[in-house]
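Student: There's a structure below that I have some questions on.
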Amino acid sequence: MSKTSSIISALLCTFIWGTTFIAQETGMKNIGPYVFNSVRFFVGFIALIPFYFFLEKKDTTKIISKNKKKFFILSFLIGIFLFFASVFQQVALVYTDVANAAFFTIFYVPMVPIIVFFLFKKKIHWSVWPSVLLCVIGGYFLTNFQNATIRLGDTLVIICALFWSLHIIFIGIIIEEFNAPILIGLIQTLIVSVCSLVPGLIFEEFVLSDILSHKIQILYAGILSGGIAFVLQIYAQKNIQPAPSAIIFSLEGVFATSAAWIILNQILDLNNVLGCIFILIGVLISQLLPEIKKFKYK
């Protein structure tokens with residue numbers, strides 16, 4: 001898989017994530033966040049099964065046979081990180097608005113290179129740091145955060161961003177050694193669904209009629225975001241390092257704002273447009289400057 005294909009996968013994944021913000025918020029009118037998350041990721045798990053059997057199953061044994069224990073430990077960790085990231089984000093939307101949630105979620109952009117640099121002692125191209133700054137500034141303008149109120153939900157989203165960071169980093173680790181993105185996607189979606197099921201049964205109610213009343217949102221957030229988008233993320237990180245990957249994924253805010261404009265008729269003001277521009281420049285810097293340096297030395 002070429003780097004160009006990886007970038008396309010990352011952009012498509014990010015587009016799906018961005019538009020899913022609307023489904024996540026509107027899908028909780030009659031059901032709680034744990035129920036929504038559990039059903040959503042179970043739908044994603046079911047959606048990935050045929051892709052696994054047709055595209056990947058015959059190669060799975062060979063791919064993971066070199067170190068099955070390491071594969072399943074990393075897959076389990078990725079599933080747990082995704083569970084905490086998604087559930088904190090989903091619960092946060094009960095206490096805060098989409099603008100705050102979108103802004104604080106972007107905090108995973110600076111968190112990823114910081115964790116990679118200090119925890120794993122990996123070198124990072126200097127272009128990542130100005131790109132991170134531009135993406136955070138862009139997120140600030142994009143969400144009109146200056147008019148929002150700090151709430152409990154905002155703290156939950158910051159915690160969510162930390163787990164998104166760990167998820168992105170460990171996806172980079174596992175896909176570097178085990179080229180089984182669909183199997184990894186299956187494992188992580190099942191873990192998230194089961195882990196969300198437990199608090200859902202304790203604190204909420206699984207009422208079929210209420211769940212079916214949000215079937216469009218659940219199918220979109222489940223099949224496209226919970227299933228396909230996360231597999232695209234794994235494909236993307238095959239050729240893109242975690243730090244620049246996080247910067248590309250920050251376009252989620254741009255797509256979320258655009259979707260709100262098109263679907264919910266929310267008007268884009270100057271701040272929104274500036275936010276989109278800052279994030280786009282940040283993404284371009286992170287991707288183009290390292291390639292220019294390589295081209296010079298060829």
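Just so we're on the same page: first chain in the structure tokens is A, next is B, and so on; residues restart at 1 for each chain, and ligands are numbered from 1 in the order they show up.
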If we count only C-alpha atoms, what is near Ile191 (chain A) at a cut-off of 8 Å, once residues fewer than 3 positions away on the same chain are taken out, given as JSON, numbers by chain?

Tutor: {"A": [76, 79, 80, 83, 187, 188, 194, 195]}

Student: Would you give me, as JSON lines, each residue of region 112-198 of chain A having an atom within 10 Å of an atom of region 228-243 of chain A, along with its shortest atom pair and that distance in Å to one decimal, using only C-alpha atoms and sorting by chain and residue number?

Tutor:
{"residue": "A:Val112", "atom": "CA", "partner": "A:Ala243", "partner_atom": "CA", "distance": 5.6}
{"residue": "A:Pro113", "atom": "CA", "partner": "A:Ala243", "partner_atom": "CA", "distance": 5.0}
{"residue": "A:Ile114", "atom": "CA", "partner": "A:Ala243", "partner_atom": "CA", "distance": 8.8}
{"residue": "A:Ile115", "atom": "CA", "partner": "A:Ala243", "partner_atom": "CA", "distance": 9.5}
{"residue": "A:Val116", "atom": "CA", "partner": "A:Ala243", "partner_atom": "CA", "distance": 7.8}
{"residue": "A:Phe117", "atom": "CA", "partner": "A:Ala243", "partner_atom": "CA", "distance": 9.6}
{"residue": "A:Ile124", "atom": "CA", "partner": "A:Ala243", "partner_atom": "CA", "distance": 7.8}
{"residue": "A:His125", "atom": "CA", "partner": "A:Ala243", "partner_atom": "CA", "distance": 9.2}
{"residue": "A:Val128", "atom": "CA", "partner": "A:Ala243", "partner_atom": "CA", "distance": 7.0}
{"residue": "A:Trp129", "atom": "CA", "partner": "A:Ala243", "partner_atom": "CA", "distance": 9.5}
{"residue": "A:Ser131", "atom": "CA", "partner": "A:Ala243", "partner_atom": "CA", "distance": 9.9}
{"residue": "A:Val132", "atom": "CA", "partner": "A:Ala243", "partner_atom": "CA", "distance": 9.0}
{"residue": "A:Ser165", "atom": "CA", "partner": "A:Pro242", "partner_atom": "CA", "distance": 8.7}
{"residue": "A:Leu166", "atom": "CA", "partner": "A:Pro242", "partner_atom": "CA", "distance": 9.7}
{"residue": "A:His167", "atom": "CA", "partner": "A:Pro242", "partner_atom": "CA", "distance": 9.7}
{"residue": "A:Ile168", "atom": "CA", "partner": "A:Pro242", "partner_atom": "CA", "distance": 6.1}
{"residue": "A:Ile169", "atom": "CA", "partner": "A:Pro242", "partner_atom": "CA", "distance": 5.4}
{"residue": "A:Phe170", "atom": "CA", "partner": "A:Pro242", "partner_atom": "CA", "distance": 8.6}
{"residue": "A:Ile171", "atom": "CA", "partner": "A:Ile234", "partner_atom": "CA", "distance": 6.4}
{"residue": "A:Gly172", "atom": "CA", "partner": "A:Gln237", "partner_atom": "CA", "distance": 5.7}
{"residue": "A:Ile173", "atom": "CA", "partner": "A:Pro242", "partner_atom": "CA", "distance": 9.0}
{"residue": "A:Ile174", "atom": "CA", "partner": "A:Ile234", "partner_atom": "CA", "distance": 9.1}
{"residue": "A:Ile175", "atom": "CA", "partner": "A:Lys238", "partner_atom": "CA", "distance": 5.9}
{"residue": "A:Glu176", "atom": "CA", "partner": "A:Lys238", "partner_atom": "CA", "distance": 6.3}
{"residue": "A:Glu177", "atom": "CA", "partner": "A:Lys238", "partner_atom": "CA", "distance": 9.5}
{"residue": "A:Phe178", "atom": "CA", "partner": "A:Lys238", "partner_atom": "CA", "distance": 9.8}
{"residue": "A:Asn179", "atom": "CA", "partner": "A:Lys238", "partner_atom": "CA", "distance": 8.1}
{"residue": "A:Ala180", "atom": "CA", "partner": "A:Ile234", "partner_atom": "CA", "distance": 8.8}
{"residue": "A:Pro181", "atom": "CA", "partner": "A:Ile234", "partner_atom": "CA", "distance": 5.6}
{"residue": "A:Ile182", "atom": "CA", "partner": "A:Val231", "partner_atom": "CA", "distance": 5.9}
{"residue": "A:Leu183", "atom": "CA", "partner": "A:Val231", "partner_atom": "CA", "distance": 8.9}
{"residue": "A:Ile184", "atom": "CA", "partner": "A:Val231", "partner_atom": "CA", "distance": 7.9}
{"residue": "A:Gly185", "atom": "CA", "partner": "A:Val231", "partner_atom": "CA", "distance": 5.5}
{"residue": "A:Leu186", "atom": "CA", "partner": "A:Val231", "partner_atom": "CA", "distance": 8.8}
{"residue": "A:Gln188", "atom": "CA", "partner": "A:Phe230", "partner_atom": "CA", "distance": 9.2}
{"residue": "A:Thr189", "atom": "CA", "partner": "A:Phe230", "partner_atom": "CA", "distance": 8.9}

Student: With C-alpha atoms retained, write the just-selected residues as a compact mmCIF listing (two decimals), in the first residue's frame.

Tutor:
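Output file part18.txt follows:
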# COMPACT_ATOMS: atom_id res chain seq x y z
CA VAL A 112 0.35 12.23 20.13
CA PRO A 113 3.78 13.73 19.29
CA ILE A 114 4.41 14.58 22.97
CA ILE A 115 3.72 10.98 24.05
CA VAL A 116 5.72 9.55 21.13
CA PHE A 117 8.67 11.87 21.79
CA ILE A 124 9.74 13.65 15.15
CA HIS A 125 10.15 15.85 12.09
CA VAL A 128 4.95 18.44 13.30
CA TRP A 129 5.18 21.14 16.00
CA SER A 131 1.38 21.87 12.38
CA VAL A 132 0.09 20.94 15.84
CA SER A 165 -3.83 9.61 21.38
CA LEU A 166 -2.93 6.22 22.85
CA HIS A 167 -5.22 4.50 20.33
CA ILE A 168 -3.51 6.23 17.38
CA ILE A 169 -0.02 5.47 18.75
CA PHE A 170 -0.70 1.78 19.39
CA ILE A 171 -2.41 1.36 16.02
CA GLY A 172 0.88 2.56 14.53
CA ILE A 173 2.77 -0.04 16.59
CA ILE A 174 0.56 -3.02 15.75
CA ILE A 175 0.13 -2.35 12.03
CA GLU A 176 3.89 -1.98 11.61
CA GLU A 177 4.31 -5.66 12.53
CA PHE A 178 0.91 -7.25 11.80
CA ASN A 179 -0.78 -6.36 8.51
CA ALA A 180 -4.28 -7.48 9.53
CA PRO A 181 -6.35 -4.27 9.69
CA ILE A 182 -9.78 -5.89 9.37
CA LEU A 183 -9.07 -8.45 12.11
CA ILE A 184 -7.79 -5.65 14.36
CA GLY A 185 -10.95 -3.70 13.54
CA LEU A 186 -13.12 -6.71 14.44
CA GLN A 188 -11.53 -3.56 18.81
CA THR A 189 -15.19 -3.03 17.86

Student: Among the residues of region 60-198 of chain A, find those DSSP assigns to alpha helix (DSSP H) from the backbone and print them as a PyMOL selection string.

Tutor: chain A and resi 60-64+68-95+98-105+108-119+128-142+152-177+181-198

Student: Taking 2 positions as the minimum chain separation for residues in the same chain, which residues sit within 12 Å of Leu12 (chain A) when counting only C-alpha atoms? Answer as a list in words.

Tutor: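 Neighbouring residues, sequence-local ones excluded: Ser5, Ser6, Ile7, Ile8, Ser9, Ala10, Thr14, Phe15, Ile16, Trp17, Gly18, Thr19, Leu224, Ser225, Ile228, Ala229, Phe230, Val231, Leu232, Gln233, Tyr235, Ala236, Ile248, Phe249, Leu251, Glu252 and Phe255 of chain A.
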
Student: Give me a file of those residues, with N, CA and C atoms, as a PDB file, in the first residue's frame.

Tutor:
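Result saved to part.pdb:
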ATOM      1  N   SER A   5      -2.122   6.160  -1.067  1.00  0.00           N
ATOM      2  CA  SER A   5      -3.317   5.403  -0.693  1.00  0.00           C
ATOM      3  C   SER A   5      -3.611   5.555   0.791  1.00  0.00           C
ATOM      4  N   SER A   6      -2.543   5.598   1.597  1.00  0.00           N
ATOM      5  CA  SER A   6      -2.713   5.773   3.041  1.00  0.00           C
ATOM      6  C   SER A   6      -3.325   7.135   3.368  1.00  0.00           C
ATOM      7  N   ILE A   7      -2.853   8.173   2.669  1.00  0.00           N
ATOM      8  CA  ILE A   7      -3.392   9.520   2.895  1.00  0.00           C
ATOM      9  C   ILE A   7      -4.858   9.591   2.481  1.00  0.00           C
ATOM     10  N   ILE A   8      -5.198   8.958   1.353  1.00  0.00           N
ATOM     11  CA  ILE A   8      -6.592   8.914   0.897  1.00  0.00           C
ATOM     12  C   ILE A   8      -7.454   8.192   1.929  1.00  0.00           C
ATOM     13  N   SER A   9      -6.947   7.061   2.459  1.00  0.00           N
ATOM     14  CA  SER A   9      -7.665   6.312   3.495  1.00  0.00           C
ATOM     15  C   SER A   9      -7.879   7.174   4.736  1.00  0.00           C
ATOM     16  N   ALA A  10      -6.834   7.921   5.131  1.00  0.00           N
ATOM     17  CA  ALA A  10      -6.923   8.790   6.311  1.00  0.00           C
ATOM     18  C   ALA A  10      -7.967   9.881   6.107  1.00  0.00           C
ATOM     19  N   THR A  14     -11.404  10.297   8.127  1.00  0.00           N
ATOM     20  CA  THR A  14     -11.651  11.540   8.851  1.00  0.00           C
ATOM     21  C   THR A  14     -12.973  12.174   8.446  1.00  0.00           C
ATOM     22  N   PHE A  15     -13.306  12.079   7.161  1.00  0.00           N
ATOM     23  CA  PHE A  15     -14.594  12.588   6.673  1.00  0.00           C
ATOM     24  C   PHE A  15     -15.755  11.866   7.376  1.00  0.00           C
ATOM     25  N   ILE A  16     -15.643  10.543   7.475  1.00  0.00           N
ATOM     26  CA  ILE A  16     -16.699   9.759   8.131  1.00  0.00           C
ATOM     27  C   ILE A  16     -16.797  10.137   9.606  1.00  0.00           C
ATOM     28  N   TRP A  17     -15.639  10.245  10.278  1.00  0.00           N
ATOM     29  CA  TRP A  17     -15.646  10.641  11.691  1.00  0.00           C
ATOM     30  C   TRP A  17     -16.301  12.005  11.889  1.00  0.00           C
ATOM     31  N   GLY A  18     -15.953  12.954  11.027  1.00  0.00           N
ATOM     32  CA  GLY A  18     -16.485  14.305  11.161  1.00  0.00           C
ATOM     33  C   GLY A  18     -17.998  14.356  11.024  1.00  0.00           C
ATOM     34  N   THR A  19     -18.517  13.648  10.020  1.00  0.00           N
ATOM     35  CA  THR A  19     -19.970  13.648   9.802  1.00  0.00           C
ATOM     36  C   THR A  19     -20.701  12.822  10.853  1.00  0.00           C
ATOM     37  N   LEU A 224     -20.361   2.794   9.195  1.00  0.00           N
ATOM     38  CA  LEU A 224     -19.356   3.658   8.570  1.00  0.00           C
ATOM     39  C   LEU A 224     -18.268   4.097   9.550  1.00  0.00           C
ATOM     40  N   SER A 225     -18.659   4.605  10.718  1.00  0.00           N
ATOM     41  CA  SER A 225     -17.661   5.128  11.657  1.00  0.00           C
ATOM     42  C   SER A 225     -17.066   4.024  12.529  1.00  0.00           C
ATOM     43  N   ILE A 228     -16.070   0.654   9.276  1.00  0.00           N
ATOM     44  CA  ILE A 228     -15.239   0.941   8.106  1.00  0.00           C
ATOM     45  C   ILE A 228     -14.192   2.022   8.373  1.00  0.00           C
ATOM     46  N   ALA A 229     -14.577   3.126   9.033  1.00  0.00           N
ATOM     47  CA  ALA A 229     -13.641   4.234   9.247  1.00  0.00           C
ATOM     48  C   ALA A 229     -12.441   3.809  10.081  1.00  0.00           C
ATOM     49  N   PHE A 230     -12.661   3.003  11.112  1.00  0.00           N
ATOM     50  CA  PHE A 230     -11.542   2.590  11.955  1.00  0.00           C
ATOM     51  C   PHE A 230     -10.606   1.628  11.225  1.00  0.00           C
ATOM     52  N   VAL A 231     -11.144   0.831  10.298  1.00  0.00           N
ATOM     53  CA  VAL A 231     -10.286  -0.018   9.468  1.00  0.00           C
ATOM     54  C   VAL A 231      -9.483   0.853   8.503  1.00  0.00           C
ATOM     55  N   LEU A 232     -10.132   1.882   7.950  1.00  0.00           N
ATOM     56  CA  LEU A 232      -9.414   2.830   7.088  1.00  0.00           C
ATOM     57  C   LEU A 232      -8.294   3.518   7.872  1.00  0.00           C
ATOM     58  N   GLN A 233      -8.547   3.828   9.150  1.00  0.00           N
ATOM     59  CA  GLN A 233      -7.509   4.418   9.996  1.00  0.00           C
ATOM     60  C   GLN A 233      -6.303   3.493  10.093  1.00  0.00           C
ATOM     61  N   TYR A 235      -5.439   1.063   7.979  1.00  0.00           N
ATOM     62  CA  TYR A 235      -4.796   1.063   6.658  1.00  0.00           C
ATOM     63  C   TYR A 235      -3.926   2.308   6.496  1.00  0.00           C
ATOM     64  N   ALA A 236      -4.464   3.451   6.889  1.00  0.00           N
ATOM     65  CA  ALA A 236      -3.757   4.723   6.715  1.00  0.00           C
ATOM     66  C   ALA A 236      -2.450   4.738   7.483  1.00  0.00           C
ATOM     67  N   ILE A 248      -3.634  14.844  10.323  1.00  0.00           N
ATOM     68  CA  ILE A 248      -4.628  14.616   9.255  1.00  0.00           C
ATOM     69  C   ILE A 248      -6.007  14.370   9.871  1.00  0.00           C
ATOM     70  N   PHE A 249      -6.044  13.570  10.949  1.00  0.00           N
ATOM     71  CA  PHE A 249      -7.324  13.252  11.584  1.00  0.00           C
ATOM     72  C   PHE A 249      -7.980  14.485  12.202  1.00  0.00           C
ATOM     73  N   LEU A 251      -8.658  17.032  10.756  1.00  0.00           N
ATOM     74  CA  LEU A 251      -9.609  17.540   9.759  1.00  0.00           C
ATOM     75  C   LEU A 251     -11.045  17.128  10.086  1.00  0.00           C
ATOM     76  N   GLU A 252     -11.178  16.226  11.061  1.00  0.00           N
ATOM     77  CA  GLU A 252     -12.497  15.810  11.534  1.00  0.00           C
ATOM     78  C   GLU A 252     -13.356  17.024  11.878  1.00  0.00           C
ATOM     79  N   PHE A 255     -14.654  18.701   8.662  1.00  0.00           N
ATOM     80  CA  PHE A 255     -15.753  17.942   8.066  1.00  0.00           C
ATOM     81  C   PHE A 255     -17.013  18.028   8.925  1.00  0.00           C
TER      82      PHE A 255
END

Student: Rounded to one decimal in Å, what is the spacing between CA of Val43 (chain A) and CA of Ile218 (chain A)?

Tutor: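 CA of Val43 (chain A) sits 7.9 Å away from CA of Ile218 (chain A).
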
Student: Write out as an MDAnalysis selection string each polymer residue whose atoms come within 9 Å of Ile159 (chain A), counting only C-alpha atoms; drop sequence neighbours fewer than 6 positions from it.

Tutor: chainID A and resid 84:85 88:89 105

Student: Using N, CA and C atoms, can you export the residues from the last selection as a PDB file, in the first residue's frame?

Tutor:
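Contents of out08.pdb, as written:
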ATOM      1  N   PHE A  84     -12.526   3.614  25.994  1.00  0.00           N
ATOM      2  CA  PHE A  84     -12.493   4.790  26.860  1.00  0.00           C
ATOM      3  C   PHE A  84     -12.605   6.086  26.054  1.00  0.00           C
ATOM      4  N   ALA A  85     -11.939   6.130  24.897  1.00  0.00           N
ATOM      5  CA  ALA A  85     -12.009   7.337  24.062  1.00  0.00           C
ATOM      6  C   ALA A  85     -13.440   7.590  23.600  1.00  0.00           C
ATOM      7  N   PHE A  88     -16.026   8.201  26.714  1.00  0.00           N
ATOM      8  CA  PHE A  88     -15.865   9.532  27.323  1.00  0.00           C
ATOM      9  C   PHE A  88     -16.426  10.609  26.394  1.00  0.00           C
ATOM     10  N   GLN A  89     -16.177  10.442  25.082  1.00  0.00           N
ATOM     11  CA  GLN A  89     -16.703  11.419  24.124  1.00  0.00           C
ATOM     12  C   GLN A  89     -18.225  11.378  24.081  1.00  0.00           C
ATOM     13  N   THR A 105     -11.526  17.611  21.666  1.00  0.00           N
ATOM     14  CA  THR A 105     -11.095  16.364  21.034  1.00  0.00           C
ATOM     15  C   THR A 105      -9.816  16.585  20.234  1.00  0.00           C
TER      16      THR A 105
END

Student: So that I can see what lies close to Ile211 (chain A), please list as a ChimeraX atom specification the residues with an atom at most 12 Å from it, counting only C-alpha atoms and leaving out residues fewer than 6 positions away in the same chain.

Tutor: /A:27-40,205,217-219

Student: How would the residues just picked look written out with N, CA and C atoms as an mmCIF file, in the first residue's frame?

Tutor:
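Contents of result.cif, freshly written:
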data_model
loop_
_atom_site.group_PDB
_atom_site.id
_atom_site.type_symbol
_atom_site.label_atom_id
_atom_site.label_comp_id
_atom_site.auth_asym_id
_atom_site.auth_seq_id
_atom_site.Cartn_x
_atom_site.Cartn_y
_atom_site.Cartn_z
ATOM 1 N N GLY A 27 -28.466 11.002 18.031
ATOM 2 C CA GLY A 27 -28.840 9.613 18.311
ATOM 3 C C GLY A 27 -29.081 9.316 19.777
ATOM 4 N N MET A 28 -29.039 10.332 20.640
ATOM 5 C CA MET A 28 -29.219 10.101 22.077
ATOM 6 C C MET A 28 -30.467 10.777 22.646
ATOM 7 N N LYS A 29 -31.487 10.969 21.819
ATOM 8 C CA LYS A 29 -32.714 11.603 22.313
ATOM 9 C C LYS A 29 -33.500 10.652 23.207
ATOM 10 N N ASN A 30 -33.497 9.363 22.861
ATOM 11 C CA ASN A 30 -34.280 8.380 23.617
ATOM 12 C C ASN A 30 -33.430 7.302 24.276
ATOM 13 N N ILE A 31 -32.124 7.262 24.001
ATOM 14 C CA ILE A 31 -31.260 6.243 24.591
ATOM 15 C C ILE A 31 -30.025 6.903 25.203
ATOM 16 N N GLY A 32 -29.395 6.202 26.143
ATOM 17 C CA GLY A 32 -28.222 6.738 26.824
ATOM 18 C C GLY A 32 -26.943 6.519 26.039
ATOM 19 N N PRO A 33 -25.864 7.161 26.458
ATOM 20 C CA PRO A 33 -24.595 7.066 25.738
ATOM 21 C C PRO A 33 -23.983 5.668 25.720
ATOM 22 N N TYR A 34 -24.150 4.909 26.827
ATOM 23 C CA TYR A 34 -23.583 3.558 26.867
ATOM 24 C C TYR A 34 -24.337 2.616 25.934
ATOM 25 N N VAL A 35 -25.658 2.744 25.920
ATOM 26 C CA VAL A 35 -26.473 1.926 25.012
ATOM 27 C C VAL A 35 -26.138 2.263 23.569
ATOM 28 N N PHE A 36 -26.066 3.555 23.277
ATOM 29 C CA PHE A 36 -25.726 3.990 21.918
ATOM 30 C C PHE A 36 -24.376 3.420 21.495
ATOM 31 N N ASN A 37 -23.391 3.516 22.371
ATOM 32 C CA ASN A 37 -22.041 3.050 22.057
ATOM 33 C C ASN A 37 -21.996 1.535 21.863
ATOM 34 N N SER A 38 -22.674 0.816 22.743
ATOM 35 C CA SER A 38 -22.673 -0.643 22.667
ATOM 36 C C SER A 38 -23.304 -1.138 21.378
ATOM 37 N N VAL A 39 -24.477 -0.600 21.051
ATOM 38 C CA VAL A 39 -25.182 -1.014 19.837
ATOM 39 C C VAL A 39 -24.414 -0.565 18.598
ATOM 40 N N ARG A 40 -23.919 0.662 18.635
ATOM 41 C CA ARG A 40 -23.184 1.210 17.496
ATOM 42 C C ARG A 40 -21.983 0.341 17.130
ATOM 43 N N GLU A 205 -31.187 1.558 30.119
ATOM 44 C CA GLU A 205 -32.096 0.488 29.705
ATOM 45 C C GLU A 205 -31.967 0.248 28.206
ATOM 46 N N GLN A 217 -29.088 6.877 12.724
ATOM 47 C CA GLN A 217 -27.869 7.356 13.389
ATOM 48 C C GLN A 217 -26.972 6.199 13.814
ATOM 49 N N ILE A 218 -27.585 5.122 14.338
ATOM 50 C CA ILE A 218 -26.806 3.967 14.798
ATOM 51 C C ILE A 218 -26.145 3.252 13.627
ATOM 52 N N LEU A 219 -26.873 3.096 12.526
ATOM 53 C CA LEU A 219 -26.305 2.427 11.352
ATOM 54 C C LEU A 219 -25.155 3.237 10.759
#

Student: Tell me, as a CSV table (one decimal) with N, CA and C atoms, in the first residue's frame, which residues lie within 8 Å of Gly282 (chain A), counting only C-alpha atoms; anything in the same chain fewer than 6 positions away does not count.

Tutor:
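Listed below is the output, result25.csv:
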chain,number,residue,atom,x,y,z
A,130,PRO,N,4.8,23.1,14.4
A,130,PRO,CA,4.0,24.2,13.9
A,130,PRO,C,2.7,23.7,13.4
A,131,SER,N,2.6,22.4,12.9
A,131,SER,CA,1.4,21.9,12.4
A,131,SER,C,0.4,21.7,13.5
A,132,VAL,N,0.9,21.1,14.6
A,132,VAL,CA,0.1,20.9,15.8
A,132,VAL,C,-0.5,22.3,16.3
A,133,LEU,N,0.4,23.3,16.4
A,133,LEU,CA,-0.1,24.6,16.8
A,133,LEU,C,-1.2,25.2,15.9
A,134,LEU,N,-1.0,25.0,14.6
A,134,LEU,CA,-2.0,25.5,13.7
A,134,LEU,C,-3.3,24.8,13.8
A,135,CYS,N,-3.2,23.4,14.1
A,135,CYS,CA,-4.5,22.6,14.2
A,135,CYS,C,-5.2,23.0,15.5
A,247,ILE,N,-2.5,14.7,12.9
A,247,ILE,CA,-2.7,16.0,12.3
A,247,ILE,C,-3.8,15.9,11.2

Student: Quick one: of A:Gln90, A:Ser209, A:Gln24, A:Ser196, who's nearest to Val157 (chain A), counting only C-alpha atoms?

Tutor: A:Gln90

Student: Please provide as a VMD selection string all residues within 10 Å of Leu274 (chain A), with the sequence filter that same-chain residues fewer than 6 positions apart are discarded (counting only C-alpha atoms).

Tutor: chain A and resid 137 to 142 280

Student: Do you have the CA of Val109 (chain A)-CA of Ile279 (chain A) distance handy?

Tutor: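 Taking CA of Val109 (chain A) as the start and CA of Ile279 (chain A) as the end point, the length is 10.9 Å.
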
Student: What does the structure give for the distance between CA of Pro50 (chain A) and CA of Ala23 (chain A), in Å to one decimal?

Tutor: 24.3 Å

Student: Using only C-alpha atoms, which of A:Ile223, A:Leu119, A:Val94, A:Val192 sits nearest Phe81 (chain A)?

Tutor: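 Ranked by minimum distance to Phe81 (chain A), first place goes to A:Val192.
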